[in-house]
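Engineer: Following this message is one structure expressed as C-alpha cells.
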Amino acid sequence: MPDRDQVPLRSGSWFSKIVLGLLVAATGVGAGDLITASLAGSAVGLAILWAAVAGALLKWVLNEGIARWQMATSSTLLEGWVRHLGGVVPWVFFAYFLAWSYIVGGALINACGVAGAGLLPVGDPHTSKIIWGVIHSIAGLAIVWAGGFKSFEYVMSVLTALMVATVLLTVVLIRPDWASVARGLAVPSLPKEGSGWLLGVMGGVGGTVTLLCYSYWIQERGRTGKSGVRDSRFDLSVAYLLTAFFGAAMVIIGSRVHVEGRGDTVALTLASQLSRVLGPPGKYIFLLGFWGAVFTSLLGVWQGVPYLFADFLRLRGTPNAAGEKAADLKTGRGYKAYLLALTFLPMSLLWFKVQSVQLIYGIVGALFMPFVALTLLILNNRVRLVGPDFRNGRLVNTLLAVTLAFFIYVGLREIAGLL
C-alpha cells in the first residue's frame with residue numbers, strides 16, 4: 001500500500017488545480033522582490049506598475065519552456081543540459097549553483113531573521129535577527145525533513161494565503177488612487193530617471209534558480225505529455241498572476257509612504273511608515289505578510305533546491321540513465337546532505353550586513369536567467385529532441401529572445417554598478 005503522504009491529491013479538487021501555482025509563487029516571491037518593488041513605488045510612483053506584470057510574463061515564458069521540455073522528453077532541464085550540451089556547461093552551472101545556494105540561503109535566513117525580529121524582538125535588533133534567522137532555518141529543515149510532499153503543499157498554501165490576505169488588506173487600507181493604479185498597469189511608461197527601477201521591478205519578480213524546482217514538483221504529480229503541458233500552463237498562470245499581484249501591490253504601498261535605503265531592513269522602515277498611515281495595526285498586518293513571504297520562500301528553497309544537487313550527482317554517475325523520480329531523489333543521501341548544508345552553512349551570513357548579502361544575491365540571480373533563456377532557445381527548437389508538437393512557436397521564440405536580451409542587459413548593468 002502506498003505511503004499516504006505520497007498519494008496525489010484528487011485531480012478534480014479545486015485545491016489540487018492551483019496548489020503547484022501557489023508553490024511557484026511563494027518560492028519565487030522573496031524579500032528582495034518585495035523591497036525592490038516598494039522602493040520603486042516610493043521613488044517613481046505608480047507609473048511603473050506595468051513592469052511588475054511584464055516581469056511576471058517573462059518568468060512565465062521561461063518556466064513554461066522548462067515544463068514543455070520535461071513533458072516532451074520525460075527528463076528535467078538539468079538532465080537536458082548534461083546529456084545534450086555536455087562539455088563544461090554542466091560543471092559551470094554546478095559551480096554557479098553552489099555559490100547561489102550559499103548566497104540565497106544567507107539572504108533568506110537574514111530576511112526571516114528581520115521579519116521575526118520585527119514581529120517579536122528578542123534583545124537588540126542585531127541579536128534578535130540572528131536568533132530568529134537560526135530558528136527559521138532549523139524550522140524549515142524540520143518541516144521539509146519530516147513532512148512528505150503533500151504536507152509541504154498544505155503548509156505552503158496556508159502561508160501563501162496569509163501573504164495574499166495581508167498584502168491585499170494593506171493595499172485596500174492605504175486607499176490608493178485607483179484610477180492612477182489602472183493607468184499604471186495598462187499604459188507602459190518610463191518616468192524620468194526611472195530606468196533603474198524598471199529593471200529592478202521586472203528582473204526581480206518570480207525567482208531565478210528556483211524555476212528549476214518546478215520540474216521536480218511536477219514529477220511528484222506524475223505529469224506527462226500534452227495534458228501535462230496544459231496543466232503546467234495553468235499552474236504557471238496562477239503562479240505569475242500572484243507574482244504580478246505581489247510586485248504591483250508593493251509598488252502601490254511604496255507609492256503611499258516614503259521609503260529609503262536598501263536591504264531587508266527597509267521592511268521595518270516601511271512597516272513603521274505604514275503605522276503612521278494606518279495606525280499600529282497596519283504595521284503588524286504588513287509585517288505578518290512580509291514574514292509569510294520570506295518564510296514561504298525559505299521553505300520552497302529548502303525543499304526544492306536539494307533535488308537539483310541530488311539529480312546532478314545522479315546524472316554525473318549515470319548520464320544516460322532514465323530520469324529518476326523526484327520522490328526517489330528525496331530519499332537519497334545527496335538530497336538530505338544538501339538540505340543540511342543549506343540549513344546551516346549560510347547561517348554564517350547572519351553576521352554580515354543584510355544590504356551586502358542582498359546585493360550579491362541580486363547580481364548572482366540576474367546572471368542565471370539569460371542562461372536558461374538561451375538553452376531553451378537551443379533545446380526546445382530541436383525537433384529530434386522534443387518532437388514537432390512540443391517545439392517552440394514563433395511567438396515563444398520571440399519572447400525568449402526578448403527575455404535573453406533583457407536579462408543580459410540587467411546582468412551587465414548590475415555588474416557595472418558593483419564595479
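Residue names in the C-alpha cells use chain letters A, B, ... in the order shown, residue numbers from 1 in each chain, and ligand numbers from 1 in the order shown.
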Would you pick out the contacts of Val158 (chain A) at 10 Å or less, using only C-alpha atoms, so that residues sharing its chain but fewer than 5 positions from it are not included, and give the list as a ChimeraX atom specification?
Structural biologist: /A:22,153,163,292,296
Engineer: If we count only C-alpha atoms and set the cut-off at 12 Å, which residues sit around Gly228 (chain A), ignoring sequence neighbours fewer than 2 positions away in its own chain? Please answer as a PyMOL selection string.
Structural biologist: chain A and resi 64+67-74+215+218-219+221-226+230-235+390
Engineer: Kindly indicate which residue among A:Ala373, A:Gly113, A:Leu278, A:Val167 lies nearest to Leu399 (chain A), using only C-alpha atoms for the distances.
Structural biologist: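 Answer, going by the shortest atom-to-atom distance: A:Ala373.
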Engineer: Under the rule that only C-alpha atoms are counted, which of A:Phe246, A:Tyr216, A:Trp50, A:Phe152 is the nearest residue to Asp328 (chain A)?
Structural biologist: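 Closest candidate: A:Tyr216.
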Engineer: Rank A:Gly247, A:Gly140, A:Gly200, A:Gly41 by their smallest atom-to-atom distance to Ala56 (chain A), using only C-alpha atoms, and report the top residue only.
Structural biologist: A:Gly247
Engineer: Quick check, in Å to one decimal: how far apart do CA of Trp302 (chain A) and CA of Met369 (chain A) lie?
Structural biologist: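 Rounded to one decimal, the two atoms are 20.5 Å apart.
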Engineer: Run DSSP on the backbone of this structure and report the residues of region 135-237 of chain A it assigns to helix (DSSP H, G or I), as a count of residues only.
Structural biologist: 83
Engineer: Quick check, in Å to one decimal: how far apart do CA of Val61 (chain A) and CA of Val89 (chain A) lie?
Structural biologist: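 Answer for the CA of Val61 (chain A) to CA of Val89 (chain A) separation: 22.3 Å.
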Engineer: Could you check which of A:Phe97, A:Tyr154, A:Trp291, A:Tyr240 is closest to Ala115 (chain A), using only C-alpha atoms?
Structural biologist: A:Trp291
Engineer: From the options A:Leu108, A:Ala52, A:Leu379, A:Ile66, which residue's atoms come nearest to Leu211 (chain A), counting only C-alpha atoms?
Structural biologist: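 Ranked by minimum distance to Leu211 (chain A), first place goes to A:Ile66.
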Engineer: Just checking: using only C-alpha atoms, which residue out of A:Ala25, A:Ala401, A:Ala244, A:Leu287 ends up closest to Gly207 (chain A)?
Structural biologist: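 Of all the options, A:Ala25 lies closest to Gly207 (chain A).
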